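Participant: final.txt is reproduced in full below (compact mmCIF, C-alpha atoms).
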# COMPACT_ATOMS: atom_id res chain seq x y z
CA MET A 131 0.00 0.00 0.00
CA SER A 132 1.69 3.15 -1.20
CA LYS A 133 1.23 6.47 0.54
CA LYS A 134 -0.76 7.72 -2.46
CA ALA A 135 -3.53 5.14 -2.01
CA PRO A 136 -5.56 6.82 0.79
CA ALA A 137 -5.66 10.16 -1.06
CA ALA A 138 -7.05 8.57 -4.23
CA ALA A 139 -9.50 6.23 -2.52
CA ALA A 140 -13.04 6.67 -3.79
CA SER A 141 -16.09 5.72 -1.79
CA LEU A 142 -19.36 4.61 -3.32
CA LEU A 143 -22.73 5.59 -1.98
CA ARG A 144 -26.05 4.11 -3.06
CA LEU A 145 -29.21 6.07 -2.40
CA VAL A 146 -32.77 6.19 -3.68
CA VAL A 147 -33.79 9.80 -4.23
CA PRO A 148 -37.15 11.14 -5.42
CA ALA A 149 -36.71 12.93 -8.73
CA GLY A 150 -36.71 16.71 -8.46
CA LYS A 151 -36.85 16.67 -4.68
CA ALA A 152 -33.55 16.42 -2.89
CA THR A 153 -31.84 17.68 0.28
CA PRO A 154 -33.96 16.41 3.08
CA SER A 155 -31.59 16.01 5.98
CA PRO A 156 -32.43 12.40 6.93
CA PRO A 157 -31.61 10.42 3.79
CA ILE A 158 -29.07 12.51 1.89
CA GLY A 159 -27.60 15.11 4.23
CA PRO A 160 -25.74 12.91 6.74
CA ALA A 161 -24.75 10.30 4.14
CA LEU A 162 -23.02 12.87 1.99
CA GLY A 163 -21.83 15.02 4.87
CA GLN A 164 -19.90 12.09 6.35
CA ARG A 165 -17.87 11.95 3.17
CA GLY A 166 -17.24 15.66 3.13
CA VAL A 167 -19.59 16.51 0.29
CA LYS A 168 -21.89 19.50 0.50
CA SER A 169 -25.36 18.04 0.08
CA MET A 170 -26.61 21.27 -1.55
CA ASP A 171 -24.22 20.75 -4.46
CA PHE A 172 -25.42 17.24 -5.06
CA CYS A 173 -29.07 18.20 -4.78
CA LYS A 174 -28.79 21.04 -7.29
CA GLN A 175 -27.07 18.78 -9.82
CA PHE A 176 -29.46 15.91 -9.20
CA ASN A 177 -32.59 18.00 -9.54
CA ASP A 178 -31.20 19.55 -12.67
CA ARG A 179 -30.43 16.19 -14.23
CA THR A 180 -33.85 14.79 -13.35
CA LYS A 181 -35.93 17.76 -14.46
CA ASN A 182 -37.52 15.69 -17.25
CA VAL A 183 -38.65 12.99 -14.88
CA GLU A 184 -42.04 13.02 -13.16
CA VAL A 185 -41.55 14.68 -9.78
CA GLY A 186 -41.28 12.24 -6.91
CA THR A 187 -40.32 9.18 -8.94
CA PRO A 188 -37.82 7.22 -6.84
CA LEU A 189 -34.50 7.00 -8.64
CA PRO A 190 -31.56 4.91 -7.47
CA VAL A 191 -28.35 6.89 -7.56
CA LEU A 192 -24.75 5.71 -7.37
CA ILE A 193 -22.51 8.49 -6.03
CA THR A 194 -18.73 8.16 -6.30
CA VAL A 195 -16.91 10.44 -3.88
CA LYS A 196 -13.24 10.85 -4.66
CA GLY A 197 -10.51 11.41 -2.08
CA ASP A 198 -10.47 15.14 -2.80
CA ARG A 199 -14.20 15.37 -2.00
CA THR A 200 -15.36 15.88 -5.55
CA PHE A 201 -18.15 13.59 -6.64
CA THR A 202 -19.80 12.16 -9.69
CA PHE A 203 -23.08 10.31 -9.82
CA VAL A 204 -25.04 8.03 -12.09
CA THR A 205 -28.84 7.84 -12.12
CA LYS A 206 -30.56 4.57 -12.91
CA SER A 207 -34.11 3.58 -13.79
CA PRO A 208 -36.70 3.41 -11.01
CA PRO A 209 -36.96 0.20 -8.98
CA THR A 210 -38.90 -2.69 -10.50
CA SER A 211 -41.26 -2.73 -7.52
CA PHE A 212 -42.24 0.86 -8.32
CA PHE A 213 -43.30 -0.10 -11.85
CA LEU A 214 -45.10 -3.23 -10.71
CA LYS A 215 -47.14 -1.37 -8.11
CA ARG A 216 -48.17 1.26 -10.63
CA ALA A 217 -48.97 -1.30 -13.31
CA ALA A 218 -51.07 -3.33 -10.87
CA GLY A 219 -52.69 -0.17 -9.53
CA ILE A 220 -51.79 -0.79 -5.90
CA GLU A 221 -50.13 1.39 -3.27
CA LYS A 222 -48.18 -1.22 -1.37
CA GLY A 223 -46.94 -4.72 -1.95
CA ALA A 224 -48.30 -7.68 -0.01
CA THR A 225 -47.53 -8.05 3.70
CA ASN A 226 -47.51 -11.81 3.38
CA ILE A 227 -47.18 -14.04 0.37
CA GLY A 228 -47.65 -17.74 -0.21
CA LYS A 229 -50.30 -20.37 -0.77
CA GLU A 230 -52.51 -19.25 2.13
CA HIS A 231 -52.52 -15.60 1.14
CA PRO A 232 -54.41 -14.11 -1.80
CA PHE A 233 -52.66 -11.96 -4.40
CA VAL A 234 -52.90 -8.20 -3.90
CA GLY A 235 -52.64 -7.21 -7.55
CA LYS A 236 -52.43 -8.41 -11.12
CA VAL A 237 -50.12 -7.63 -13.97
CA ASN A 238 -50.04 -9.05 -17.47
CA LEU A 239 -47.15 -10.33 -19.58
CA LYS A 240 -47.14 -7.34 -21.93
CA GLN A 241 -46.64 -5.00 -18.99
CA VAL A 242 -43.79 -7.21 -17.78
CA TYR A 243 -42.26 -6.99 -21.24
CA GLU A 244 -42.43 -3.20 -21.24
CA ILE A 245 -40.96 -2.96 -17.74
CA ALA A 246 -38.10 -5.21 -18.84
CA LYS A 247 -37.47 -2.95 -21.83
CA ILE A 248 -37.13 0.06 -19.53
CA LYS A 249 -34.76 -1.81 -17.23
CA GLN A 250 -32.66 -3.08 -20.10
CA ALA A 251 -31.36 0.43 -20.69
CA ASP A 252 -29.49 0.37 -17.35
CA ASP A 253 -25.74 -0.21 -17.31
CA GLY A 254 -25.88 -3.21 -15.05
CA MET A 255 -28.16 -5.16 -17.40
CA GLY A 256 -25.85 -5.26 -20.39
CA HIS A 257 -25.10 -8.97 -20.06
CA LEU A 258 -28.69 -10.08 -19.61
CA SER A 259 -31.10 -11.12 -22.34
CA LEU A 260 -34.53 -9.51 -22.42
CA LYS A 261 -35.93 -12.93 -21.54
CA GLY A 262 -33.70 -13.02 -18.46
CA ILE A 263 -34.80 -9.56 -17.36
CA CYS A 264 -38.46 -10.54 -17.82
CA SER A 265 -37.89 -13.57 -15.61
CA GLY A 266 -36.44 -11.24 -13.00
CA VAL A 267 -39.43 -8.92 -13.16
CA ILE A 268 -41.78 -11.88 -12.74
CA GLY A 269 -39.75 -13.01 -9.75
CA SER A 270 -40.10 -9.55 -8.17
CA ALA A 271 -43.84 -9.62 -8.83
CA LYS A 272 -44.21 -12.98 -7.12
CA SER A 273 -42.36 -11.82 -4.03
CA MET A 274 -44.66 -8.78 -3.82
CA GLY A 275 -47.84 -10.83 -4.04
CA ILE A 276 -48.65 -9.65 -7.56
CA GLU A 277 -50.06 -12.26 -9.91
CA VAL A 278 -48.69 -12.41 -13.43
CA VAL A 279 -51.33 -13.38 -15.96
CA ALA A 280 -51.25 -13.73 -19.69
CA MET B 349 -23.45 -48.13 -55.04
CA SER B 350 -20.84 -46.78 -57.42
CA MET B 351 -18.82 -45.22 -54.64
CA LEU B 352 -18.27 -48.65 -53.16
CA LYS B 353 -16.33 -49.65 -56.25
CA ALA B 354 -13.65 -47.15 -55.25
CA PHE B 355 -13.06 -49.24 -52.18
CA SER B 356 -12.70 -52.49 -54.07
CA SER B 357 -9.32 -53.07 -52.48
CA VAL B 358 -10.79 -52.91 -49.01
CA LYS B 359 -12.59 -55.93 -47.65
CA LEU B 360 -16.17 -54.74 -47.50
CA THR B 361 -18.04 -56.52 -44.78
CA ALA B 362 -21.76 -55.95 -44.46
CA ALA B 363 -21.21 -53.88 -41.35
CA ARG B 364 -18.60 -51.68 -43.03
CA GLN B 365 -20.85 -51.16 -46.03
CA THR B 366 -23.75 -50.06 -43.84
CA ARG B 367 -21.47 -47.72 -41.98
CA MET B 368 -20.21 -46.08 -45.17
CA ILE B 369 -23.74 -45.48 -46.32
CA GLN B 370 -24.66 -43.99 -42.97
CA VAL B 371 -21.68 -41.65 -42.97
CA SER B 372 -22.25 -40.47 -46.51
CA ALA B 373 -25.96 -40.01 -45.83
CA ARG B 374 -25.12 -37.71 -42.96
CA ALA B 375 -22.76 -35.79 -45.18
CA PHE B 376 -25.61 -35.15 -47.60
CA ASN B 377 -27.97 -34.27 -44.76
CA VAL B 378 -30.18 -37.22 -45.38
CA LYS B 379 -31.72 -37.63 -41.97
CA GLU B 380 -35.15 -37.45 -40.46
CA ASP B 381 -36.19 -34.05 -39.24
CA ALA B 382 -35.25 -33.34 -35.64
CA PRO B 383 -38.36 -33.53 -33.47
CA SER B 384 -39.69 -30.00 -33.39
CA ALA B 385 -39.79 -28.23 -30.04
CA PRO B 386 -43.23 -28.38 -28.41
CA LYS B 387 -45.25 -25.41 -29.60
CA VAL B 388 -45.74 -22.94 -26.77
CA LYS B 389 -49.42 -22.59 -25.91
CA ARG B 390 -50.24 -18.92 -26.09
CA ALA B 391 -53.20 -18.04 -23.93
CA PRO B 392 -54.82 -14.92 -25.40
CA SER B 393 -53.46 -11.88 -23.59
CA SER B 394 -55.68 -9.97 -21.16
CA ALA B 395 -54.43 -6.79 -22.82
CA PRO B 396 -55.55 -6.92 -26.43
CA GLU B 397 -53.91 -4.75 -29.07
CA GLY B 398 -54.34 -1.07 -28.41
CA THR B 399 -54.68 -1.25 -24.62
CA VAL B 400 -52.73 1.48 -22.90
CA LEU B 401 -50.34 -0.12 -20.40
CA LYS B 402 -50.74 2.32 -17.54
CA GLY B 403 -48.19 3.26 -14.93
CA LEU B 404 -45.11 2.51 -16.98
CA ASN B 405 -44.22 6.03 -18.03
CA TYR B 406 -42.18 8.11 -15.63
CA MET B 407 -40.96 10.97 -17.84
CA LYS B 408 -42.80 14.28 -17.90
CA ASP B 409 -43.19 14.37 -21.66
CA GLY B 410 -43.54 10.65 -22.18
CA LYS B 411 -46.57 8.47 -22.77
CA ASN B 412 -47.56 5.06 -21.50
CA PRO B 413 -46.71 2.30 -23.96
CA VAL B 414 -49.53 0.75 -25.97
CA ALA B 415 -49.96 -3.01 -26.23
CA LEU B 416 -49.21 -4.55 -29.60
CA ALA B 417 -50.96 -7.57 -31.10
CA ASP B 418 -50.12 -10.88 -29.38
CA ASP B 419 -48.15 -11.99 -32.44
CA ALA B 420 -45.75 -9.08 -32.16
CA TYR B 421 -44.34 -10.45 -28.91
CA PRO B 422 -41.78 -13.27 -28.84
CA ASP B 423 -42.77 -16.85 -27.95
CA TRP B 424 -40.63 -16.99 -24.84
CA LEU B 425 -42.79 -14.38 -23.14
CA TRP B 426 -45.49 -17.00 -22.58
CA GLU B 427 -42.95 -19.66 -21.68
CA ILE B 428 -41.39 -17.90 -18.71
CA ASN B 429 -44.62 -17.80 -16.71
CA ASP B 430 -45.79 -21.29 -17.66
CA PRO B 431 -45.55 -23.85 -14.80
CA GLU B 432 -45.69 -26.75 -17.29
CA VAL B 433 -42.58 -25.50 -19.07
CA ARG B 434 -40.81 -25.24 -15.75
CA LYS B 435 -41.80 -28.78 -14.78
CA ALA B 436 -40.58 -30.10 -18.12
CA ARG B 437 -37.23 -28.41 -17.66
CA ILE B 438 -36.82 -29.90 -14.18
CA ALA B 439 -37.68 -33.36 -15.51
CA ASP B 440 -35.20 -33.13 -18.40
CA PRO B 441 -31.83 -34.59 -17.28
CA MET B 442 -29.96 -32.50 -19.85
CA ASP B 443 -31.18 -29.23 -18.37
CA LYS B 444 -29.32 -27.27 -15.71
CA LYS B 445 -32.55 -26.76 -13.80
CA HIS B 446 -32.86 -30.51 -13.28
CA HIS B 447 -29.53 -30.79 -11.55
CA LYS B 448 -30.10 -27.68 -9.47
CA GLU B 449 -33.38 -29.12 -8.25
CA MET B 450 -31.80 -32.50 -7.47
CA ARG B 451 -29.06 -30.78 -5.52
CA ARG B 452 -31.60 -28.68 -3.64
CA GLN B 453 -33.62 -31.76 -2.65
CA ALA B 454 -30.48 -33.58 -1.51
CA ILE B 455 -29.46 -30.63 0.68
CA LYS B 456 -32.94 -30.46 2.22
CA ALA B 457 -32.91 -34.18 2.95
CA GLU B 458 -29.48 -34.00 4.53
CA ASN B 459 -30.44 -31.00 6.64
CA PHE B 460 -33.58 -32.77 7.79
CA ILE B 461 -31.62 -35.78 8.92
CA ARG B 462 -28.96 -33.68 10.56
CA ASP B 463 -31.41 -31.50 12.46
CA ARG B 464 -33.79 -34.07 13.80
CA LYS B 465 -33.50 -34.70 17.51
CA THR B 466 -32.02 -38.13 18.01
How does the structure come out when it is put into structure tokens?

Facilitator:
Amino acid sequence: MSKKAPAAAASLLRLVVPAGKATPSPPIGPALGQRGVKSMDFCKQFNDRTKNVEVGTPLPVLITVKGDRTFTFVTKSPPTSFFLKRAAGIEKGATNIGKEHPFVGKVNLKQVYEIAKIKQADDGMGHLSLKGICSGVIGSAKSMGIEVVA
Amino acid sequence: MSMLKAFSSVKLTAARQTRMIQVSARAFNVKEDAPSAPKVKRAPSSAPEGTVLKGLNYMKDGKNPVALADDAYPDWLWEINDPEVRKARIADPMDKKHHKEMRRQAIKAENFIRDRKT
């Protein structure tokens, strides 16, 4: 370990931030502040970058804070559960799932296909086939108590 | 069997002759058609063509996608949610899923035996 290593070390921070609304102290403030980043800076940039997105849409963000306290961030597509709840028309996922519990919502295969298409655009999905992503979406639906019908 | 004349120096037993015919037949693609994959049963979609798929748009100036005709979607879309397809894959010894399931059952059995109170 050379002496240069600590100065260049970057830390990663994963957050889910509602589009267009940033800087509440609880989620973002302390997380960024600990790494020496002014949360106001991040929030201005984030809100600017997400101005075309419907306000309040949860967006996962990956923030890379470099040793000299500068930061870059990447915004990804909303969580799959967000899409599934909207497509099924429900507010919350199921409290319990399984054979004894009824489904709380329904989604059809074409909606699953469209959700997978949106997710495919993300960086992390480059190695997955659309079929694989669809399987993943169906898996998420099942664990939320949402039935997938034809 | 003119080609067999070229091998007149070789002792042509019945078995060797059959074998030569088989090999040359394969070379000319003379074989029965491979059994076709079972046709995926497509239940008619609950969202016929033209239905607006709500809730999927999250951009301010975007619109919700519209469902296309069932034929426009690939076959595998109906496969991935079909429990029969899944069962067939688990039963097929050449499929990875089969071995994963066997392994899973073996682990469960071993854990059961290990955890029971003697």

Participant: Which residues of chain A come within 8 Å of chain B, and what is each one's closest atom pair and distance in Å (one decimal), counting only C-alpha atoms, sorted by chain and residue number, as JSON lines?

Facilitator:
{"residue": "A:Asn182", "atom": "CA", "partner": "B:Lys408", "partner_atom": "CA", "distance": 5.5}
{"residue": "A:Val183", "atom": "CA", "partner": "B:Met407", "partner_atom": "CA", "distance": 4.3}
{"residue": "A:Glu184", "atom": "CA", "partner": "B:Lys408", "partner_atom": "CA", "distance": 5.0}
{"residue": "A:Thr187", "atom": "CA", "partner": "B:Tyr406", "partner_atom": "CA", "distance": 7.0}
{"residue": "A:Phe213", "atom": "CA", "partner": "B:Leu404", "partner_atom": "CA", "distance": 6.0}
{"residue": "A:Arg216", "atom": "CA", "partner": "B:Gly403", "partner_atom": "CA", "distance": 4.7}
{"residue": "A:Ala217", "atom": "CA", "partner": "B:Gly403", "partner_atom": "CA", "distance": 4.9}
{"residue": "A:Gly219", "atom": "CA", "partner": "B:Gly403", "partner_atom": "CA", "distance": 7.8}
{"residue": "A:Asn238", "atom": "CA", "partner": "B:Ser394", "partner_atom": "CA", "distance": 6.8}
{"residue": "A:Leu239", "atom": "CA", "partner": "B:Leu425", "partner_atom": "CA", "distance": 6.9}
{"residue": "A:Lys240", "atom": "CA", "partner": "B:Ala415", "partner_atom": "CA", "distance": 6.7}
{"residue": "A:Gln241", "atom": "CA", "partner": "B:Leu401", "partner_atom": "CA", "distance": 6.3}
{"residue": "A:Tyr243", "atom": "CA", "partner": "B:Leu425", "partner_atom": "CA", "distance": 7.6}
{"residue": "A:Glu244", "atom": "CA", "partner": "B:Pro413", "partner_atom": "CA", "distance": 7.5}
{"residue": "A:Ile245", "atom": "CA", "partner": "B:Leu404", "partner_atom": "CA", "distance": 6.9}
{"residue": "A:Lys261", "atom": "CA", "partner": "B:Trp424", "partner_atom": "CA", "distance": 7.0}
{"residue": "A:Cys264", "atom": "CA", "partner": "B:Leu425", "partner_atom": "CA", "distance": 7.9}
{"residue": "A:Ser265", "atom": "CA", "partner": "B:Ile428", "partner_atom": "CA", "distance": 6.4}
{"residue": "A:Ile268", "atom": "CA", "partner": "B:Asn429", "partner_atom": "CA", "distance": 7.7}
{"residue": "A:Val278", "atom": "CA", "partner": "B:Asn429", "partner_atom": "CA", "distance": 7.5}
{"residue": "A:Val279", "atom": "CA", "partner": "B:Ser394", "partner_atom": "CA", "distance": 7.6}
{"residue": "A:Ala280", "atom": "CA", "partner": "B:Ser393", "partner_atom": "CA", "distance": 4.8}

Participant: Give me the residues within 12 Å of Met255 (chain A) as a PyMOL selection string, counting all atoms listed in the file and dropping any in the same chain fewer than 6 places off.

Facilitator: chain A and resi 206-207+246-249+261-264+266

Participant: Take CA of Val433 (chain B) and CA of Lys445 (chain B) and report the distance between them in Å, one decimal.

Facilitator: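 CA of Lys445 (chain B) lies 11.4 Å from CA of Val433 (chain B).
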
Participant: If you measure from CA of Lys236 (chain A) to CA of Glu397 (chain B), what distance in Å do you get, rounded to one decimal?

Facilitator: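 Going from CA of Lys236 (chain A) over to CA of Glu397 (chain B), I get 18.4 Å.
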
Participant: If we count only C-alpha atoms and set the cut-off at 12 Å, which residues sit around region 159-167 of chain A, ignoring sequence neighbours fewer than 6 positions away in its own chain? Please answer as JSON, numbers by chain.

Facilitator: {"A": [139, 140, 141, 142, 143, 144, 145, 146, 147, 152, 153, 173, 192, 193, 194, 195, 196, 197, 198, 199, 200, 201, 202]}

Participant: What gap, in Å, lies between CA of Phe460 (chain B) and CA of Ile438 (chain B)?

Facilitator: 22.4 Å

Participant: Counting all atoms listed in the file, which residue out of A:Ala149, A:Ile158, A:Met170, A:Ala218 sits closest to Pro188 (chain A)?

Facilitator: A:Ala149

Participant: Adding 6 Å on each side of the box along x, y and z that holds all listed atoms of region 405-420 of chain B, could you give its centre and edge lengths in Å to one decimal, as lines of an AutoDock Vina configuration file?

Facilitator:
center_x = -46.0
center_y = 1.2
center_z = -24.0
size_x = 22.0
size_y = 38.4
size_z = 28.8

Participant: Counting all atoms listed in the file, which residue out of A:Ser273, A:Asn177, A:Thr205, A:Gln250 sits closest to Gly228 (chain A)?

Facilitator: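 When distances to Gly228 (chain A) are compared using all atoms listed in the file, the smallest one comes from A:Ser273.
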